[in-house]
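Enquirer: So here's model_5.txt, just compact mmCIF, C-alpha atoms:
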# COMPACT_ATOMS: atom_id res chain seq x y z
CA MET A 1191 100.55 112.88 87.00
CA LYS A 1192 101.88 116.31 86.16
CA LEU A 1193 103.91 118.44 88.51
CA LYS A 1194 104.42 122.19 88.44
CA VAL A 1195 106.72 124.01 90.82
CA TRP A 1196 105.29 127.27 92.10
CA GLY A 1197 107.85 127.76 94.83
CA ALA A 1198 111.11 125.91 95.55
CA ARG A 1199 112.76 128.20 98.06
CA GLY A 1200 113.11 127.36 101.72
CA SER A 1201 112.98 129.25 104.98
CA ILE A 1202 112.01 132.68 103.68
CA PRO A 1203 111.05 134.13 100.31
CA ALA A 1204 114.10 135.28 98.41
CA PRO A 1205 113.05 137.56 95.58
CA GLY A 1206 115.52 139.67 93.66
CA PRO A 1207 117.66 139.73 90.59
CA GLU A 1208 120.02 137.15 92.07
CA THR A 1209 117.30 134.50 92.26
CA MET A 1210 115.27 135.12 89.14
CA ARG A 1211 115.94 131.78 87.45
CA TYR A 1212 115.39 129.32 90.26
CA GLY A 1213 112.86 131.62 91.90
CA GLY A 1214 112.32 133.12 95.31
CA ASN A 1215 108.88 131.86 96.31
CA THR A 1216 108.72 129.32 99.11
CA SER A 1217 107.44 125.77 98.89
CA CYS A 1218 104.44 125.02 96.73
CA ILE A 1219 103.89 122.31 94.17
CA GLU A 1220 100.82 121.77 92.02
CA LEU A 1221 100.10 118.16 91.19
CA THR A 1222 97.62 117.36 88.43
CA LEU A 1223 96.19 113.88 88.78
CA SER A 1224 95.21 111.48 86.03
CA ASP A 1225 91.60 112.70 86.08
CA GLY A 1226 92.65 116.34 85.73
CA SER A 1227 92.02 117.23 89.35
CA THR A 1228 94.61 119.12 91.38
CA LEU A 1229 96.44 118.52 94.62
CA ILE A 1230 98.52 121.27 96.15
CA LEU A 1231 101.58 120.40 98.18
CA ASP A 1232 102.37 123.04 100.78
CA SER A 1233 101.25 126.65 100.72
CA GLY A 1234 104.37 128.74 100.82
CA THR A 1235 104.35 132.04 98.99
CA GLY A 1236 104.29 130.16 95.68
CA ILE A 1237 100.63 129.34 96.24
CA ARG A 1238 99.73 132.96 95.62
CA ASN A 1239 100.58 132.73 91.95
CA LEU A 1240 99.01 129.27 91.77
CA GLY A 1241 95.79 130.70 93.15
CA LEU A 1242 95.79 133.43 90.53
CA ALA A 1243 96.26 130.80 87.83
CA LEU A 1244 93.43 128.66 89.22
CA GLY A 1245 90.98 131.45 89.73
CA GLY A 1246 89.82 134.41 87.78
CA GLY A 1247 86.10 134.25 87.41
CA ASP A 1248 85.94 130.70 86.14
CA PRO A 1249 84.51 127.89 88.24
CA ILE A 1250 87.14 126.20 90.35
CA GLN A 1251 87.51 122.45 90.75
CA GLN A 1252 85.83 121.39 93.97
CA PRO A 1253 87.15 120.74 96.50
CA ILE A 1254 90.74 121.93 96.45
CA HIS A 1255 92.99 119.75 98.57
CA ILE A 1256 96.09 121.29 100.12
CA LEU A 1257 98.52 118.89 101.79
CA LEU A 1258 100.75 120.64 104.31
CA THR A 1259 103.92 118.89 105.41
CA HIS A 1260 104.24 121.10 108.48
CA LEU A 1261 103.37 124.52 109.74
CA HIS A 1262 106.63 126.41 109.52
CA LEU A 1263 105.89 129.77 108.03
CA ASP A 1264 107.61 129.12 104.73
CA HIS A 1265 105.09 126.33 104.10
CA ILE A 1266 101.90 128.15 105.09
CA GLN A 1267 102.66 131.81 104.47
CA GLY A 1268 100.82 131.89 101.17
CA LEU A 1269 97.52 130.57 102.53
CA MET A 1270 96.22 134.00 103.33
CA PHE A 1271 96.95 135.12 99.78
CA PHE A 1272 95.46 132.12 98.04
CA ALA A 1273 92.74 133.66 95.86
CA PRO A 1274 90.30 130.72 95.99
CA ALA A 1275 90.20 131.11 99.79
CA PHE A 1276 88.39 134.41 99.23
CA ARG A 1277 85.76 133.00 96.90
CA PRO A 1278 82.51 131.89 98.49
CA ASP A 1279 82.08 129.28 95.75
CA SER A 1280 85.33 127.54 96.77
CA GLU A 1281 85.68 124.54 99.00
CA ILE A 1282 89.18 123.98 100.37
CA ILE A 1283 90.34 121.03 102.45
CA ILE A 1284 93.63 121.51 104.25
CA TRP A 1285 95.49 118.44 105.41
CA GLY A 1286 98.36 118.55 107.86
CA PRO A 1287 100.18 116.90 110.74
CA ALA A 1288 98.39 116.15 113.96
CA SER A 1289 99.65 117.51 117.23
CA PRO A 1290 98.57 116.75 120.79
CA GLU A 1291 98.90 120.42 121.57
CA ALA A 1292 96.10 121.87 119.37
CA SER A 1293 93.98 121.11 116.33
CA LEU A 1294 95.29 121.83 112.86
CA ARG A 1295 92.77 124.63 112.50
CA ASP A 1296 93.82 126.28 115.73
CA ARG A 1297 97.51 126.03 114.89
CA ILE A 1298 97.00 127.62 111.46
CA ALA A 1299 94.72 130.21 113.00
CA ARG A 1300 97.70 131.47 115.02
CA TYR A 1301 98.97 132.90 111.73
CA ILE A 1302 95.69 133.82 110.10
CA SER A 1303 94.57 136.01 112.98
CA ALA A 1304 95.46 139.25 114.71
CA PRO A 1305 98.08 140.60 115.12
CA LEU A 1306 99.77 138.62 112.35
CA ALA A 1307 96.97 138.96 109.80
CA PRO A 1308 94.12 141.35 109.03
CA VAL A 1309 91.66 138.46 108.67
CA GLU A 1310 90.65 135.53 110.82
CA VAL A 1311 90.30 131.98 109.50
CA ARG A 1312 86.59 132.10 110.25
CA GLU A 1313 86.23 135.21 108.08
CA LEU A 1314 87.52 133.56 104.90
CA PRO A 1315 84.58 133.38 102.49
CA SER A 1316 85.40 129.91 101.16
CA LEU A 1317 84.19 126.69 102.73
CA LEU A 1318 87.37 125.77 104.60
CA SER A 1319 87.92 122.54 106.50
CA PHE A 1320 90.93 121.00 108.18
CA ARG A 1321 91.90 117.35 108.43
CA GLU A 1322 94.77 115.82 110.30
CA ALA A 1323 96.59 113.32 108.15
CA GLU A 1324 96.35 109.80 109.52
CA PRO A 1325 99.12 107.23 109.15
CA LEU A 1326 96.73 105.10 107.10
CA GLU A 1327 96.36 105.46 103.37
CA TRP A 1328 93.46 107.50 102.04
CA GLU A 1329 92.13 108.49 98.64
CA ILE A 1330 91.66 111.82 96.94
CA GLY A 1331 90.11 111.42 93.51
CA PRO A 1332 92.06 108.74 91.67
CA ALA A 1333 95.10 109.07 93.95
CA LYS A 1334 96.08 107.09 96.99
CA ILE A 1335 97.80 109.24 99.59
CA ARG A 1336 100.07 108.18 102.40
CA ALA A 1337 101.62 110.39 105.07
CA GLN A 1338 104.48 109.55 107.38
CA ALA A 1339 106.32 111.48 110.07
CA VAL A 1340 109.82 112.43 108.97
CA ASN A 1341 112.81 113.92 110.71
CA HIS A 1342 112.48 117.69 110.87
CA ARG A 1343 111.97 120.22 113.65
CA GLY A 1344 108.45 119.76 114.98
CA PRO A 1345 105.65 117.51 113.69
CA THR A 1346 106.44 117.09 110.01
CA LEU A 1347 105.05 114.80 107.35
CA GLY A 1348 106.23 113.47 104.06
CA TYR A 1349 103.59 112.51 101.51
CA ARG A 1350 103.44 109.80 98.90
CA ILE A 1351 100.87 110.14 96.15
CA GLU A 1352 100.19 107.21 93.84
CA ASP A 1353 98.09 107.56 90.72
CA ALA A 1354 97.80 105.59 87.50
CA GLY A 1355 100.87 103.49 88.16
CA THR A 1356 103.16 106.37 89.07
CA SER A 1357 104.20 107.78 92.42
CA LEU A 1358 105.42 111.07 93.79
CA CYS A 1359 107.07 111.32 97.18
CA TYR A 1360 107.30 114.83 98.62
CA ILE A 1361 109.64 115.42 101.57
CA PRO A 1362 110.69 119.06 101.27
CA ASP A 1363 112.02 119.48 104.81
CA HIS A 1364 114.06 116.52 105.98
CA GLU A 1365 117.29 115.69 107.77
CA PRO A 1366 117.53 111.90 107.59
CA GLY A 1367 121.25 111.89 108.29
CA LEU A 1368 121.10 113.70 111.61
CA GLY A 1369 123.08 111.90 114.26
CA ALA A 1370 124.17 108.96 112.15
CA PRO A 1371 125.58 108.70 108.63
CA LEU A 1372 123.05 107.23 106.22
CA SER A 1373 125.64 104.78 104.97
CA ALA A 1374 125.80 103.23 108.44
CA LEU A 1375 122.06 102.69 108.75
CA ASP A 1376 119.88 99.85 107.57
CA ASP A 1377 116.92 100.90 105.46
CA ASP A 1378 114.32 100.59 108.20
CA TRP A 1379 116.29 102.98 110.40
CA ILE A 1380 116.22 105.80 107.85
CA SER A 1381 113.54 108.40 108.31
CA GLY A 1382 111.23 108.50 105.30
CA PHE A 1383 112.70 105.42 103.63
CA GLU A 1384 109.54 103.39 103.33
CA LEU A 1385 107.56 106.37 102.12
CA ALA A 1386 110.02 107.19 99.36
CA GLN A 1387 111.07 103.73 98.31
CA GLY A 1388 110.90 103.26 94.56
CA ALA A 1389 109.06 106.51 93.92
CA SER A 1390 108.74 107.57 90.30
CA MET A 1391 109.77 111.01 91.50
CA LEU A 1392 111.17 112.11 94.83
CA VAL A 1393 111.02 115.79 95.74
CA HIS A 1394 113.51 116.19 98.58
CA ASP A 1395 115.18 118.76 100.74
CA CYS A 1396 118.61 119.85 99.53
CA GLN A 1397 119.09 123.14 101.30
CA TYR A 1398 122.81 123.08 102.06
CA THR A 1399 126.07 122.41 100.36
CA ASP A 1400 128.21 119.82 102.11
CA ARG A 1401 130.50 122.63 103.25
CA GLU A 1402 127.64 124.61 104.80
CA TYR A 1403 126.01 121.72 106.59
CA PRO A 1404 128.28 121.40 109.67
CA ASN A 1405 127.10 124.86 110.75
CA HIS A 1406 123.47 123.80 110.38
CA LEU A 1407 123.38 120.43 112.09
CA GLY A 1408 119.98 119.76 113.56
CA TRP A 1409 118.27 122.54 111.63
CA GLY A 1410 116.12 119.95 109.91
CA HIS A 1411 117.54 120.17 106.40
CA SER A 1412 119.82 118.07 104.25
CA PRO A 1413 123.17 118.70 102.66
CA MET A 1414 123.61 117.73 99.04
CA SER A 1415 125.34 114.45 99.83
CA ASP A 1416 122.62 113.26 102.16
CA ALA A 1417 119.86 114.26 99.74
CA LEU A 1418 121.53 112.26 96.99
CA GLU A 1419 122.38 109.36 99.27
CA PHE A 1420 118.78 109.20 100.37
CA GLY A 1421 117.52 109.34 96.79
CA HIS A 1422 119.95 106.61 95.83
CA ARG A 1423 119.07 104.40 98.79
CA VAL A 1424 115.35 104.56 98.15
CA ALA A 1425 115.94 103.93 94.43
CA ALA A 1426 113.87 106.87 93.31
CA GLU A 1427 113.55 106.98 89.53
CA ARG A 1428 113.84 110.76 89.45
CA LEU A 1429 115.02 113.25 92.03
CA LEU A 1430 113.93 116.88 92.24
CA LEU A 1431 116.04 118.76 94.77
CA PHE A 1432 114.09 121.36 96.65
CA HIS A 1433 113.98 123.95 99.43
CA HIS A 1434 116.82 126.12 98.17
CA ASP A 1435 118.56 128.16 100.80
CA PRO A 1436 117.57 131.85 100.62
CA LEU A 1437 121.24 132.79 100.51
CA HIS A 1438 121.87 130.73 97.40
CA SER A 1439 121.87 132.83 94.26
CA ASP A 1440 121.19 131.45 90.83
CA ALA A 1441 124.93 131.19 90.30
CA ASP A 1442 125.32 129.27 93.57
CA LEU A 1443 122.57 126.88 92.55
CA ASP A 1444 124.16 126.39 89.15
CA ASP A 1445 127.34 125.36 90.96
CA MET A 1446 125.34 123.03 93.17
CA ALA A 1447 123.63 121.53 90.14
CA ALA A 1448 127.00 120.74 88.62
CA ALA A 1449 128.19 119.13 91.84
CA VAL A 1450 124.94 117.20 92.10
CA ALA A 1451 125.38 115.75 88.63
CA VAL A 1452 128.88 114.57 89.42
CA ARG A 1453 127.95 113.10 92.78
CA TRP A 1454 124.84 111.38 91.42
CA GLU A 1455 126.84 109.71 88.70
CA GLN A 1456 129.33 108.56 91.32
CA LEU A 1457 126.38 106.86 93.03
CA GLY A 1458 125.60 105.06 89.81
CA GLY A 1459 122.84 107.28 88.52
CA SER A 1460 122.57 109.24 85.33
CA ALA A 1461 122.60 113.03 85.26
CA GLU A 1462 119.19 113.34 83.63
CA GLN A 1463 117.56 111.67 86.64
CA VAL A 1464 118.26 114.57 88.95
CA GLU A 1465 117.74 118.31 88.85
CA LEU A 1466 117.31 121.29 91.11
CA ALA A 1467 113.73 122.52 91.26
CA THR A 1468 113.02 125.70 89.38
CA GLU A 1469 109.97 127.86 89.82
CA ARG A 1470 107.32 127.31 87.09
CA ARG A 1471 109.07 124.10 85.98
CA GLU A 1472 106.58 121.50 84.68
CA LEU A 1473 107.23 117.78 84.62
CA VAL A 1474 105.12 114.83 83.57
CA ILE A 1475 105.51 111.76 85.74
CA ALA A 1476 104.56 108.90 83.46
CA GLY A 1477 105.24 105.23 84.10
CA SER A 1478 108.85 104.43 84.77
CA ARG A 1479 110.26 107.67 83.45
CA VAL A 1480 109.59 111.34 83.67
CA ARG A 1481 109.01 113.52 80.64
CA VAL A 1482 109.66 117.20 80.65
CA MET B 1121 113.84 95.53 105.65
CA ASN B 1122 111.85 94.48 108.73
CA GLY B 1123 109.60 97.51 108.55
CA GLN B 1124 110.11 101.23 108.92
CA LYS B 1125 110.93 102.07 112.51
CA PRO B 1126 108.80 104.79 114.11
CA LEU B 1127 110.36 108.20 113.85
CA GLU B 1128 110.79 108.49 117.62
CA MET B 1129 112.85 105.30 117.66
CA ILE B 1130 114.97 106.49 114.75
CA LEU B 1131 115.68 109.72 116.59
CA ALA B 1132 116.38 107.84 119.83
CA ARG B 1133 118.89 105.59 118.13
CA ASN B 1134 120.60 108.56 116.47
CA LEU B 1135 120.78 110.32 119.83
CA LEU B 1136 122.29 107.31 121.59
CA SER B 1137 124.84 106.85 118.82
CA SER B 1138 125.98 110.43 119.40
CA VAL B 1139 126.49 110.35 123.17
CA SER B 1140 129.17 108.84 125.36
CA THR B 1141 126.75 107.71 128.04
CA PRO B 1142 126.30 103.94 127.87
CA ALA B 1143 122.79 103.22 126.64
CA PHE B 1144 120.51 100.60 125.20
CA LEU B 1145 117.53 101.05 122.91
CA VAL B 1146 114.93 98.40 123.59
CA GLY B 1147 111.93 97.76 121.38
CA GLU B 1148 108.79 95.70 121.48
CA GLU B 1149 108.95 92.39 123.33
CA GLY B 1150 112.24 93.49 124.87
CA VAL B 1151 114.26 93.18 121.68
CA LEU B 1152 117.58 94.97 122.07
CA LEU B 1153 117.51 97.14 118.98
CA PHE B 1154 120.74 99.05 119.50
CA TYR B 1155 123.44 99.89 121.99
CA ASN B 1156 126.08 102.53 121.64
CA GLU B 1157 129.86 102.39 121.72
CA ALA B 1158 130.03 103.40 125.36
CA ALA B 1159 127.81 100.47 126.28
CA ALA B 1160 129.84 98.20 124.02
CA ALA B 1161 132.99 99.16 125.89
CA MET B 1162 131.43 97.95 129.13
CA LEU B 1163 129.86 94.85 127.68
CA GLY B 1164 132.84 93.76 125.67
CA ARG B 1165 130.92 93.28 122.44
CA ARG B 1166 130.13 95.81 119.76
CA PHE B 1167 126.63 96.19 118.39
CA GLU B 1168 127.97 95.61 114.90
CA GLU B 1169 129.04 92.20 116.15
CA THR B 1170 125.86 91.14 117.93
CA GLY B 1171 123.17 92.92 115.94
CA THR B 1172 119.70 93.03 117.45
CA MET B 1173 119.09 90.49 120.18
CA PRO B 1174 115.87 89.03 121.56
CA ALA B 1175 115.25 89.56 125.25
CA ASP B 1176 116.16 86.08 126.40
CA GLN B 1177 119.46 86.23 124.55
CA TRP B 1178 120.74 89.60 125.73
CA THR B 1179 119.65 89.10 129.33
CA ALA B 1180 121.42 85.74 129.40
CA GLU B 1181 124.62 87.34 128.16
CA PHE B 1182 124.61 90.80 129.70
CA GLY B 1183 122.24 90.49 132.65
CA PRO B 1184 121.01 91.90 134.84
CA PHE B 1185 122.02 89.16 137.26
CA ASP B 1186 120.48 88.40 140.60
CA GLY B 1187 122.41 87.91 143.81
CA ASP B 1188 123.31 84.38 142.76
CA ASP B 1189 124.66 85.62 139.44
CA ILE B 1190 121.74 84.09 137.58
CA PRO B 1191 120.35 86.17 134.71
CA MET B 1192 117.00 87.63 135.56
CA PRO B 1193 114.20 86.73 133.14
CA TYR B 1194 113.26 89.81 131.15
CA ASP B 1195 109.70 89.81 132.44
CA GLN B 1196 110.92 89.90 136.02
CA ILE B 1197 113.25 92.85 135.71
CA PRO B 1198 111.68 95.72 137.68
CA ALA B 1199 112.39 98.16 134.88
CA THR B 1200 110.44 95.97 132.45
CA ARG B 1201 107.31 96.18 134.54
CA ALA B 1202 107.58 99.93 134.81
CA ILE B 1203 108.17 100.44 131.09
CA ARG B 1204 105.17 98.29 130.24
CA GLU B 1205 103.14 100.72 132.31
CA ASN B 1206 104.73 103.67 130.47
CA ARG B 1207 106.56 104.67 133.64
CA PRO B 1208 110.26 105.50 133.95
CA TYR B 1209 112.38 103.47 136.34
CA HIS B 1210 115.64 104.03 138.13
CA GLY B 1211 117.59 101.46 140.04
CA ASN B 1212 120.81 99.54 140.51
CA PHE B 1213 121.54 96.34 138.68
CA ARG B 1214 124.38 93.91 138.26
CA ILE B 1215 125.48 93.24 134.70
CA GLY B 1216 128.19 91.18 133.06
CA GLY B 1217 130.67 92.53 130.63
CA ALA B 1218 134.06 92.26 129.04
CA GLY B 1219 136.52 89.73 130.41
CA GLY B 1220 134.13 88.29 132.93
CA ARG B 1221 133.80 91.54 134.80
CA HIS B 1222 130.63 92.25 136.65
CA TYR B 1223 129.45 95.79 136.97
CA GLU B 1224 127.12 97.28 139.49
CA ILE B 1225 125.31 99.88 137.46
CA ALA B 1226 122.81 102.60 138.09
CA ALA B 1227 120.26 102.50 135.29
CA SER B 1228 117.43 104.75 134.21
CA ALA B 1229 114.83 103.35 131.85
CA ILE B 1230 112.70 105.87 129.99
CA PRO B 1231 109.68 104.75 127.98
CA ILE B 1232 109.35 106.03 124.44
CA VAL B 1233 105.74 106.68 123.56
CA GLY B 1234 104.94 108.00 120.11
CA PRO B 1235 101.69 109.07 118.44
CA ALA B 1236 100.86 105.45 117.78
CA GLY B 1237 101.59 104.32 121.33
CA ALA B 1238 104.52 102.73 123.12
CA SER B 1239 107.52 102.06 120.91
CA GLY B 1240 110.14 100.96 123.39
CA ALA B 1241 112.56 102.40 125.90
CA ILE B 1242 115.92 104.04 126.32
CA VAL B 1243 118.02 102.57 129.13
CA ILE B 1244 120.91 104.76 130.22
CA PHE B 1245 123.37 103.27 132.68
CA TRP B 1246 126.58 104.04 134.50
CA PRO B 1247 128.97 101.84 136.46
CA VAL B 1248 128.76 102.15 140.21
CA THR B 1249 131.47 99.59 140.99
CA VAL B 1250 133.56 97.21 138.95
CA GLN B 1251 134.31 93.73 140.28
CA GLU B 1252 136.37 90.91 138.87
CA GLY B 1253 133.81 88.16 138.39
CA GLU B 1254 133.96 84.52 137.79
CA THR B 1255 133.17 83.24 134.36
CA GLY B 1256 131.16 80.11 133.64
Please express what this file holds, its structure, as structure tokens.

Expert:
Amino acid sequence: MKLKVWGARGSIPAPGPETMRYGGNTSCIELTLSDGSTLILDSGTGIRNLGLALGGGDPIQQPIHILLTHLHLDHIQGLMFFAPAFRPDSEIIIWGPASPEASLRDRIARYISAPLAPVEVRELPSLLSFREAEPLEWEIGPAKIRAQAVNHRGPTLGYRIEDAGTSLCYIPDHEPGLGAPLSALDDDWISGFELAQGASMLVHDCQYTDREYPNHLGWGHSPMSDALEFGHRVAAERLLLFHHDPLHSDADLDDMAAAVAVRWEQLGGSAEQVELATERRELVIAGSRVRV
Amino acid sequence: MNGQKPLEMILARNLLSSVSTPAFLVGEEGVLLFYNEAAAAMLGRRFEETGTMPADQWTAEFGPFDGDDIPMPYDQIPATRAIRENRPYHGNFRIGGAGGRHYEIAASAIPIVGPAGASGAIVIFWPVTVQEGETG
């Protein structure tokens, strides 16, 4: 599988000269499977540029699958600006968490509708369908997909994608250490553990520094130490830290990256196993190691 | 690992570990999955010491006890019947704890029902009276 980061920022887009290197677009990852087909993970503002790269006038792979972890705005805001959605020759399948309150389509339509948007979901020219992710495994192309509820505010999923002997686990919004230190919990009491266990690559929430976290308890995001502890506990082969706080400049994230490397090595890992996600970064997930 | 616990049970355990109200977390088949420090103070044994306990074991040790101080079988506890019907229950019980003490407690049992169905129950309790009881 190949991974490309189109947006690694959390909460709200954070453009500007201070964030040029790590990027200001919100969550979106493009995953290219072993047969060349594409999965899209979340549709934050980063999906706008992804859509431009996919489209033009050339035929688009059919259908396009978009896996949404949850419906907070930073994970769906780009949907209305996703170019293939405006092409009548496109078929798009949007997956997301179920809710007893309303269908996935109706919940997304709250955003893609007046007064928040100039278009309605039903007006989008593409063939658009919505599917609520089941707890059972399903297949998309050559990949096996699994979804599991994880600890975040509101119904939120993590996804595990397995293809050609490699696995990617994507949990961009996650607070597994809320209420109890991870070190005090057995594995089966840690949110997301089973989903992430042994993943070739784990993409995980790392929004806060350890110093910031006490002022953000219960906000649904992880401090650096918990992100690394989680990655260590699940024995992920590689760790891509994600969902950068909008207040964190490139310089701040450089500092965090240095702290991450030190802390990861203290946990017994090697520095090349972990990095902070950067917009437009491409990684190949191959076998038991990741190539850049 | 016995299997990933449902998210609602993970959150329930984390909640109970953060409060000072004595509480149990009970899972399928009445297994006592967790109790917090406040409960441990009443019962005289820490969860780290006992670990999870099957229903027949924790009821024999902690109660509730009937009027003859005999542990009530789990299936016959009124709260059990309510929880199995996904109903909450509130009532008074008699439990045994540290140093042979018996406590009259007021307990509220709240079923936990997740997307996949019933996962277990939270039982919150509070001493009504404390009596010196006989051991053995």

Enquirer: Between CA of Pro1287 in chain A and CA of Leu1261 in chain A, measure the distance and give it in Å to one decimal.

Expert: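 These atoms are spaced 8.3 Å apart.
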
Enquirer: Tell me, as a PyMOL selection string, which residues lie within 7 Å of range 1205-1220 of chain A, counting all atoms listed in the file; anything in the same chain fewer than 3 positions away does not count.

Expert: chain A and resi 1193-1200+1202+1228-1237+1264-1265+1433+1439-1440+1468-1469

Enquirer: One decimal, in Å: what's the spacing between CA of Leu1466 in chain A and CA of Ser1412 in chain A?

Expert: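 According to the coordinates, CA of Leu1466 in chain A and CA of Ser1412 in chain A are separated by 13.8 Å.
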
Enquirer: Interatomic distance between CA of Gln1267 in chain A and CA of Glu1128 in chain B?

Expert: 28.0 Å

Enquirer: Point out the residue among A:Glu1419, A:Glu1365, A:Asp1395, A:Glu1427 with the least atom-to-atom distance to Leu1131 in chain B, counting all atoms listed in the file.

Expert: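 So, comparing all the options, the nearest one is A:Glu1365.
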
Enquirer: Determine the axis-aligned bounding box of all atoms of range 1394-1403 of chain A present in the file, pad each side by 6 Å, and express its centre and edge lengths in Å to one decimal place as lines of an AutoDock Vina configuration file.

Expert:
center_x = 122.0
center_y = 120.4
center_z = 102.6
size_x = 29.0
size_y = 20.4
size_z = 20.0

Enquirer: Taking the point (134.3, 101.4, 128.1) as given in the file, collect each protein or nucleic acid residue that comes within 10 Å of it, counting all atoms listed in the file, and present the set as a list in words.

Expert: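 Using all atoms listed in the file, the matching residues come out as Ser1140, Thr1141, Pro1142, Glu1157, Ala1158, Ala1159, Ala1160, Ala1161, Met1162, Leu1163, Gly1164, Gly1217, Ala1218 and Pro1247 of chain B.
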
Enquirer: Please save C-alpha atoms of the selected residues as a CSV table (one decimal), in the frame of the given file.

Expert:
chain,number,residue,atom,x,y,z
B,1140,SER,CA,129.2,108.8,125.4
B,1141,THR,CA,126.8,107.7,128.0
B,1142,PRO,CA,126.3,103.9,127.9
B,1157,GLU,CA,129.9,102.4,121.7
B,1158,ALA,CA,130.0,103.4,125.4
B,1159,ALA,CA,127.8,100.5,126.3
B,1160,ALA,CA,129.8,98.2,124.0
B,1161,ALA,CA,133.0,99.2,125.9
B,1162,MET,CA,131.4,98.0,129.1
B,1163,LEU,CA,129.9,94.8,127.7
B,1164,GLY,CA,132.8,93.8,125.7
B,1217,GLY,CA,130.7,92.5,130.6
B,1218,ALA,CA,134.1,92.3,129.0
B,1247,PRO,CA,129.0,101.8,136.5

Enquirer: Within 7 Å of chain A, which residues of chain B are there when counting all atoms listed in the file? Please give them as a list in words.

Expert: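 My answer is Met1121, Asn1122, Gly1123, Gln1124, Lys1125, Leu1127, Ile1130, Asn1134, Leu1135 and Ser1138 of chain B.
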
Enquirer: What does the file look like for those residues with C-alpha atoms, as a CSV table (one decimal), in the frame of the given file?

Expert:
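File produced: part.csv:
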chain,number,residue,atom,x,y,z
B,1121,MET,CA,113.8,95.5,105.6
B,1122,ASN,CA,111.8,94.5,108.7
B,1123,GLY,CA,109.6,97.5,108.6
B,1124,GLN,CA,110.1,101.2,108.9
B,1125,LYS,CA,110.9,102.1,112.5
B,1127,LEU,CA,110.4,108.2,113.8
B,1130,ILE,CA,115.0,106.5,114.8
B,1134,ASN,CA,120.6,108.6,116.5
B,1135,LEU,CA,120.8,110.3,119.8
B,1138,SER,CA,126.0,110.4,119.4

Enquirer: Residues of range 1138-1223 of chain B that approach range 1228-1244 of chain B to 10 Å or less, counting all atoms listed in the file: could you list each one with the shortest pair of atoms and its distance in Å to one decimal, rows by chain and increasing residue number, as a Markdown table?

Expert:
| residue | atom | partner | partner_atom | distance |
| --- | --- | --- | --- | --- |
| B:Thr1141 | CA | B:Ile1244 | CA | 6.9 |
| B:Pro1142 | CA | B:Ile1244 | CA | 5.9 |
| B:Ala1143 | CA | B:Ile1244 | CA | 4.3 |
| B:Phe1144 | CA | B:Val1243 | CA | 5.1 |
| B:Leu1145 | CA | B:Ile1242 | CA | 4.8 |
| B:Val1146 | CA | B:Ala1241 | CA | 5.2 |
| B:Gly1147 | CA | B:Gly1240 | CA | 4.2 |
| B:Glu1148 | CA | B:Gly1240 | CA | 5.8 |
| B:Glu1149 | CA | B:Gly1240 | CA | 8.7 |
| B:Gly1150 | CA | B:Gly1240 | CA | 7.9 |
| B:Val1151 | CA | B:Gly1240 | CA | 9.0 |
| B:Leu1152 | CA | B:Gly1240 | CA | 9.6 |
| B:Leu1153 | CA | B:Gly1240 | CA | 9.4 |
| B:Phe1154 | CA | B:Ile1242 | CA | 9.7 |
| B:Tyr1155 | CA | B:Val1243 | CA | 9.4 |
| B:Ala1159 | CA | B:Ile1244 | CA | 9.0 |
| B:Ala1199 | CA | B:Ala1229 | CA | 6.5 |
| B:Thr1200 | CA | B:Ala1229 | CA | 8.6 |
| B:Ala1202 | CA | B:Ala1229 | CA | 8.5 |
| B:Ile1203 | CA | B:Pro1231 | CA | 5.5 |
| B:Arg1204 | CA | B:Pro1231 | CA | 8.2 |
| B:Glu1205 | CA | B:Pro1231 | CA | 8.8 |
| B:Asn1206 | CA | B:Pro1231 | CA | 5.6 |
| B:Arg1207 | CA | B:Pro1231 | CA | 6.5 |
| B:Pro1208 | CA | B:Ile1230 | CA | 4.7 |
| B:Tyr1209 | CA | B:Ala1229 | CA | 5.1 |
| B:His1210 | CA | B:Ser1228 | CA | 4.4 |
| B:Gly1211 | CA | B:Ser1228 | CA | 6.7 |
| B:Asn1212 | CA | B:Ser1228 | CA | 8.8 |

Enquirer: Excluding Met1192 in chain B and its own-chain neighbours fewer than 5 positions away, which residues fall within 8 Å of it when counting all atoms listed in the file? Please give them as a list of chain:residue names.

Expert: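 Here the qualifying residues turn out to be B:Thr1179, B:Ala1180, B:Gly1183, B:Pro1184, B:Phe1185, B:Asp1186, B:Ile1197.
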
Enquirer: Next, write the just-selected residues to a file, as a PDB file, keeping the file's coordinate frame, keeping C-alpha atoms as the atom set.

Expert:
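Okay, this is what ended up in part.pdb:
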ATOM      1  CA  THR B1179     119.650  89.100 129.330  1.00  0.00           C
ATOM      2  CA  ALA B1180     121.420  85.740 129.400  1.00  0.00           C
ATOM      3  CA  GLY B1183     122.240  90.490 132.650  1.00  0.00           C
ATOM      4  CA  PRO B1184     121.010  91.900 134.840  1.00  0.00           C
ATOM      5  CA  PHE B1185     122.020  89.160 137.260  1.00  0.00           C
ATOM      6  CA  ASP B1186     120.480  88.400 140.600  1.00  0.00           C
ATOM      7  CA  ILE B1197     113.250  92.850 135.710  1.00  0.00           C
TER       8      ILE B1197
END

Enquirer: Check the smallest atom-to-atom distance from each of A:Leu1314, A:Val1309, A:Cys1359, A:Ile1330 to Pro1253 in chain A using all atoms listed in the file, then report the winner.

Expert: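 Checking each candidate against Pro1253 in chain A, we get A:Ile1330 as the closest.
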
Enquirer: Near range 1276-1278 of chain A, counting all atoms listed in the file, which residues have an atom at most 7 Å away, once you skip same-chain residues fewer than 2 positions from it, shown as a list of chain:residue names?

Expert: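 Skipping anything fewer than 2 positions along the chain leaves A:Ala1273, A:Pro1274, A:Ser1280, A:Leu1314, A:Pro1315, A:Ser1316, A:Leu1317.
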